[in-house]
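Chemist: Got a structure here, written out as structure tokens. Questions coming.
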Amino acid sequence: MARPHIEPYVELNNSYKNFNLPGFAGGSHFKVLSLDRDIGACTLKMQYDGGYIRRPGMSYSDMELFVLKGEMKIGDINCVEGHYMFVPAGMALGAIDVPNGCEALIMYNDAEPTYIESDENHPYCMTEAFVSLNGYEDAPWAPGNVVTPSVAAGCLLKLLRYDPYTEAMSFLYCMTPQFMQDNISYHDCAEESYHIWGESWMMQFGNLPTGGYFWRPPYINHGSFRCKLGTIAFGRTDSKLHNYFHYNPWSNPDENKLRAAAMMYRQRPELYKWTAAHGHNHPHGPQDFEYKNYHMDTQVRHLHGYRDDQHEYKGDLHPNNTEIITPAVHGHDHKHDHEHDNEHSHDHHHHD
Amino acid sequence: MKKRVQDEKPKRSKEASEWLDQEIAEQEVRYGEIVAEMEGIQEERNGWYARFLDIIQNKGFNMNGDTRVQIKKEDIPKRPDRPDADKVIW
């Protein structure tokens, strides 16, 4: 996702702006926390005035919502503080009614905010992906060692949503008072956080207070970590979170990525050889007998540089001098816009 | 093959394009401010790095969870001589 590295950003110092996009006007206000320059995907902090109403409708983007303050009624669901929703693209949400004002994080994952009035789901909507729960009341705290190598004791997690294709997660996390962790971390995934309450410290960026936010692209150093008085935050990753720990404050993202690849070379040698040495890293990804249609998954496509609006590949993952063996299986013919040193033709016929 | 709602999205409206242009421009300003702010605390950060490198030689480095390993003095990294050595925003 082409969002810049925004860290730290304390939004409390900035004012809300009226939200005047079609379908949003009339009592809603926003602050952009981060924004994808290519596709318009964004994370917004929204404020809804008391008395705000909106008729039932859908978006052309997957959308996530987390209620920070106040309450909003969405159809027959009463969303109070801590309520989380994942709303798949095309799912008609019920009428919104905000009796006394509300603040929420709203995330559009695939494109800029859109709203189409409708009380019916789009025919292609993946309704089974819908998630709605109160993160404060309905999700248990789990120790941070659900991911290994693990964070230190005192960093806990409430999982709100998990994407089985990419292992992207949306979650609440907390750091206990006097939490400390003396290592430097980076991940293969982008990571996002909003501090609902509390202040924590990282060695690169200093203090992140209440209202502090970051969007951190992959392979960027963060930590060591401290938290004096406790913190609760909302977080997301865009794919699998693996903790690469080290103690070199001066390594850069390229070196970190090389180190990650070197770990794969040592620890998963056959997969490394297969992927890197024989040209199997086709940009569409190899076939998966379990998830046959994963190439069409929106999050997978974003991670590999596809744009929904242009319907073409924007990544640069294809190495030179490789032979394409793995067929892409999505349902259209196209030419790839990457280049090879060798001169083989690279048009595919894709299977329906 | 299953089709996706996202592929049915209408062309971006003029209002949405203008909104995006405005917000992208403001984000670029914010990004610049963050870079400047982070460069402004470099001296303090140098102290944090020095403290960290001291802690991992004595109390230890968290290699996994609460398992700590002391790092030998000869293994402590040194600041490289390159333009991006102090960069933390990428």
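Labeling convention for the structure tokens: chains A, B, ... as they appear, residues from 1 per chain, ligands from 1 in order of appearance.
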Compute the chain A side of the contact with chain B at 8 Å, counting only C-alpha atoms, and hand it back as a PyMOL selection string.

Modeler: chain A and resi 4-9+21-22+32+34-35+37+40+60-61+89-90+110+112+122-125+145+148-153+181-183+203-205+220-221+224+245-252+293+296+298+308-309+330-331+352

Chemist: I need the strand (DSSP E or B) residues of stretch 111-270 of chain A per DSSP on the backbone, written as an NGL selection string.

Modeler: :A and (116-117 or 131-134 or 142-143 or 155-162 or 169-175 or 179-181 or 184-186 or 191-198 or 200-202 or 206-208 or 212-216 or 222 or 225-227 or 231-237 or 244-246)

Chemist: Leaving out stretch 188-190 of chain A and any residue of its chain fewer than 4 positions from it, which residues lie within 8 Å of it when counting only C-alpha atoms, given as an MDAnalysis selection string?

Modeler: chainID A and resid 215:219 237:242 257

Chemist: Write a file of the just-selected residues containing N, CA and C atoms, as a compact mmCIF listing (two decimals), in the first residue's frame.

Modeler:
```
# COMPACT_ATOMS: atom_id res chain seq x y z
N TRP A 215 1.42 5.08 10.82
CA TRP A 215 1.37 4.11 9.73
C TRP A 215 2.82 3.87 9.33
N ARG A 216 3.25 2.64 9.56
CA ARG A 216 4.67 2.32 9.36
C ARG A 216 4.80 1.26 8.26
N PRO A 217 5.39 1.59 7.13
CA PRO A 217 5.61 0.59 6.08
C PRO A 217 6.53 -0.54 6.57
N PRO A 218 6.63 -1.61 5.79
CA PRO A 218 7.45 -2.76 6.21
C PRO A 218 8.92 -2.42 6.38
N TYR A 219 9.58 -3.22 7.21
CA TYR A 219 11.05 -3.27 7.36
C TYR A 219 11.66 -2.02 8.00
N THR A 237 -2.40 -4.76 10.94
CA THR A 237 -1.33 -5.08 10.01
C THR A 237 -1.97 -5.40 8.66
N ASP A 238 -1.19 -5.28 7.58
CA ASP A 238 -1.76 -5.58 6.27
C ASP A 238 -1.43 -6.98 5.78
N SER A 239 -0.64 -7.72 6.56
CA SER A 239 -0.31 -9.12 6.23
C SER A 239 0.31 -9.73 7.49
N LYS A 240 0.95 -10.87 7.33
CA LYS A 240 1.46 -11.59 8.50
C LYS A 240 2.49 -10.77 9.28
N LEU A 241 2.33 -10.77 10.58
CA LEU A 241 3.28 -10.06 11.45
C LEU A 241 4.29 -11.05 11.99
N HIS A 242 5.53 -10.90 11.57
CA HIS A 242 6.63 -11.68 12.15
C HIS A 242 7.57 -10.68 12.81
N LYS A 257 15.42 -5.98 5.06
CA LYS A 257 14.76 -6.91 4.12
C LYS A 257 15.74 -8.02 3.71
```

Chemist: Would you mind telling me which residue in A:Pro88, A:Pro269, A:Gly101, A:Gly26 lies nearest to A:Asn121 when using only C-alpha atoms?

Modeler: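 So, comparing all the options, the nearest one is A:Pro88.
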
Chemist: I'd like to know which residues of stretch 17-208 of chain A are alpha helix (DSSP H) (by DSSP, run on the backbone); could you write them as a count of residues only?

Modeler: 4

Chemist: Which polymer residues have any atom within 8 Å of an atom of A:Tyr52, counting only C-alpha atoms, with same-chain residues fewer than 5 positions away left out, as a list in words?

Modeler: Gly26, Gly27, Ser28, Ile96, Asp97, Val98, Pro99 and Gly101 of chain A

Chemist: Rounded to one decimal place, report the atom CA of A:Gly82-atom CA of A:Phe66 distance in Å.

Modeler: 6.4 Å

Chemist: Applying 10 Å and only C-alpha atoms, which residues near A:Lys31 remain after dropping the ones on its own chain fewer than 4 positions away? List them as a PyMOL selection string.

Modeler: (chain A and resi 11-12+14-19+43-47+105) or (chain B and resi 23)

Chemist: Quote the spacing between atom CA of A:Met202 and atom CA of A:Lys228 in Å to one decimal place.

Modeler: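 Spanning atom CA of A:Met202 to atom CA of A:Lys228 is a straight-line distance of 11.9 Å.
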
Chemist: Which residues are close to A:Met264, i.e. within 12 Å by only C-alpha atoms, leaving aside same-chain residues fewer than 4 positions away? Reply as a ChimeraX atom specification.

Modeler: /A:244,257-260,268-276

Chemist: So how many Å separate atom CA of A:Val131 and atom CA of A:Tyr162, to one decimal?

Modeler: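 Computed distance, atom CA of A:Val131 to atom CA of A:Tyr162, equals 10.0 Å.
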